[in-house]
Amino acid sequence: MPVLSVTGLSKRYGSVEAVRDVTFAVEPREIVGLLGPNGAGKTTTINMVLGVLEPSVGSVVIEGADLATHRAQALARTNFAAVYSSLPGNLTVYQNLRVFGLIYAVRNLRARIEESLSEFDLLRFRDVKCGVLSSGEQTRVALAKAMLNRPHLLLLDEPTASLDPSMAKDIRKRIRAFADNGGSGVLWTSHNMYEVEEVCDRVLFISKGRILLEGDPRKLPGENGAKTLEELFIALARESLAPEPT
Ligand code: ATP
């Protein structure tokens with residue numbers, strides 16, 4: 001069973017059609033990249049999968065549970081991290097992980113927090129308030145929080161955007177291992193095509209709310225007459241910016 005099935009999903013904000021009839025699935029152990037230019041509809045899609053935004057049309061099913069009718073069940077095995085969603089700054093790293101661990105009813109929470117602090121190189125920040133951490137350190141706390149309950153569906157909105165190249169590489173490795181070993185599915189947005197080629201099994205290219213192209217990020221460029229994924233991204237983005245036929 002896919003960990004995530006999205007069918008015919010659309011979202012309209014007044015006259016703006018942010019997401020239009022999007023259908024895709026994420027399988028266990030699969031990392032799927034959601035790519036597209038600024039304003040393409042990636043965050044809106046992720047927010048509908050998270051249940052933060054209600055779709056105008058369409059369905060989101062997480063491990064067989066429909067988000068519209070079995071919300072608690074669907075979201076129990078889900079977690080996410082995003083650069084724009086920071087953790088409470090007046091709580092320490094430990095307190096933040098503890099609060100979220102209690103919310104997610106994580107078993108053996110004390111031990112799991114220690115494991116996460118070590119995994120994300122956060123031991124020395126245990127009693128530091130999140131608000132004073134650098135953006136890269138905050139990102140690591142957010143990722144530790146996102147994996148604390150070992151979610152079966154992990155949503156990551158530009159998870160490595162504020163990390164230095166060495167830390168970003170390490171985090172990519174951890175997320176890959178998380179998917180491989182835990183059987184979880186990951187939906188990942190990024191503007192870094194090098195990263196996407198390294199980590200994603202499959203990508204969905206979205207523009208103006210629609211999926212334009214889907215496939216293996218290592219094969220797609222050759223199949224579409226481009227040398228690299230970045231070149232393909234730029235060509236698709238330019239093409240999609242052209243005015244639509246009336
Ligand atoms: P980026 O790469 O810049 O983060 P994105 O692909 O995540 O972009 P979204 O944030 O999903 O894009 O936005 C999709 C479209 O919907 C944009 O045109 C945006 O301006 C519009 N939009 C998003 N939220 C709202 C809102 N609350 N009200 C009106 N329009 C919105």
# chains A, B, ... in the order shown; residues from 1 in each chain; ligands from 1

call {"tool": "closest_atom_pairs", "arguments": {"of": "stretch 24-83 of chain A", "to": "stretch 227-235 of chain A", "cutoff": "9 Å", "atoms": "only C-alpha atoms", "output": "CSV"}}
result
residue,atom,partner,partner_atom,distance
A:Leu35,CA,A:Phe233,CA,8.4
A:Gly36,CA,A:Phe233,CA,7.6
A:Pro37,CA,A:Phe233,CA,8.4

call {"tool": "write_last_selection", "arguments": {"atoms": "all heavy atoms", "output": "short mmCIF file (atom, residue, chain, number, x, y, z; two decimals), in the first residue's frame"}}
result
data_model
loop_
_atom_site.label_atom_id
_atom_site.label_comp_id
_atom_site.auth_asym_id
_atom_site.auth_seq_id
_atom_site.Cartn_x
_atom_site.Cartn_y
_atom_site.Cartn_z
N LEU A 35 9.27 19.26 -7.36
CA LEU A 35 10.06 20.37 -7.88
C LEU A 35 9.18 21.34 -8.63
O LEU A 35 8.14 20.96 -9.16
CB LEU A 35 11.12 19.85 -8.87
CG LEU A 35 11.91 18.60 -8.51
CD1 LEU A 35 12.94 18.31 -9.60
CD2 LEU A 35 12.60 18.80 -7.17
N GLY A 36 9.66 22.57 -8.72
CA GLY A 36 8.93 23.54 -9.52
C GLY A 36 9.35 24.95 -9.17
O GLY A 36 9.89 25.17 -8.08
N PRO A 37 9.11 25.89 -10.07
CA PRO A 37 9.52 27.27 -9.81
C PRO A 37 8.77 27.89 -8.63
O PRO A 37 7.78 27.33 -8.16
CB PRO A 37 9.17 28.00 -11.11
CG PRO A 37 8.33 27.08 -11.92
CD PRO A 37 8.45 25.71 -11.37
#

call {"tool": "closest_atom_pairs", "arguments": {"of": "chain A", "to": "ligand 1", "cutoff": "7 Å", "atoms": "only C-alpha atoms and all ligand atoms", "output": "CSV"}}
result
residue,atom,partner,partner_atom_place_in_ligand_line,distance
A:Tyr13,CA,ligand 1,29 (C),4.8
A:Val16,CA,ligand 1,30 (N),6.2
A:Glu17,CA,ligand 1,16 (O),6.9
A:Ala18,CA,ligand 1,16 (O),4.2
A:Gly36,CA,ligand 1,6 (O),6.1
A:Pro37,CA,ligand 1,2 (O),5.6
A:Asn38,CA,ligand 1,3 (O),3.3
A:Gly39,CA,ligand 1,12 (O),3.4
A:Ala40,CA,ligand 1,6 (O),3.7
A:Gly41,CA,ligand 1,11 (O),3.2
A:Lys42,CA,ligand 1,6 (O),3.8
A:Thr43,CA,ligand 1,7 (O),3.6
A:Thr44,CA,ligand 1,11 (O),3.7
A:Thr45,CA,ligand 1,11 (O),6.4

call {"tool": "closest_residue", "arguments": {"among": "A:His70, A:Lys169, A:Arg238, A:Arg202", "to": "A:Lys219", "atoms": "only C-alpha atoms"}}
result
A:Arg202

call {"tool": "closest_residue", "arguments": {"among": "A:Arg150, A:Arg218, A:Lys145, A:Arg29", "to": "A:Leu187", "atoms": "only C-alpha atoms"}}
result
A:Arg29

call {"tool": "select_by_dssp", "arguments": {"residues": "stretch 27-213 of chain A", "states": "strand (DSSP E or B)", "output": "PyMOL selection string"}}
result
chain A and resi 31-35+57-62+65-66+78-82+92+129+153-157+185-189+202-207+210-213

call {"tool": "select_by_dssp", "arguments": {"residues": "stretch 17-166 of chain A", "states": "alpha helix (DSSP H)", "output": "number ranges by chain"}}
result
A: 42-49, 71-76, 93-103, 109-119, 135-147, 165-166

call {"tool": "closest_residue", "arguments": {"among": "A:Glu63, A:Asp216, A:Glu198, A:Asp21", "to": "A:Ser184", "atoms": "only C-alpha atoms"}}
result
A:Glu63

call {"tool": "atom_distance", "arguments": {"atom1": "atom CA of A:Phe80", "atom2": "atom CA of A:Leu154"}}
result
5.6 Å

call {"tool": "residues_around", "arguments": {"residues": "A:Gly51", "least_positions_apart": "6", "cutoff": "9 Å", "atoms": "only C-alpha atoms", "output": "PyMOL selection string"}}
result
chain A and resi 60+67-68+71+75

call {"tool": "closest_residue", "arguments": {"among": "A:Ala65, A:Asp127, A:Ala144, A:Ser116", "to": "A:Tyr94", "atoms": "only C-alpha atoms"}}
result
A:Asp127

call {"tool": "closest_residue", "arguments": {"among": "A:Met1, A:Ser134, A:Val199, A:Ser86", "to": "A:Ala177", "atoms": "only C-alpha atoms"}}
result
A:Val199

call {"tool": "atom_distance", "arguments": {"atom1": "atom CA of A:Cys130", "atom2": "atom CA of A:Gly101"}}
result
16.1 Å

call {"tool": "atom_distance", "arguments": {"atom1": "atom CA of A:Glu197", "atom2": "atom CA of A:Pro217"}}
result
5.4 Å

call {"tool": "closest_residue", "arguments": {"among": "A:Gln138, A:Thr7, A:Asn224, A:Thr78", "to": "A:Val19", "atoms": "only C-alpha atoms"}}
result
A:Thr7
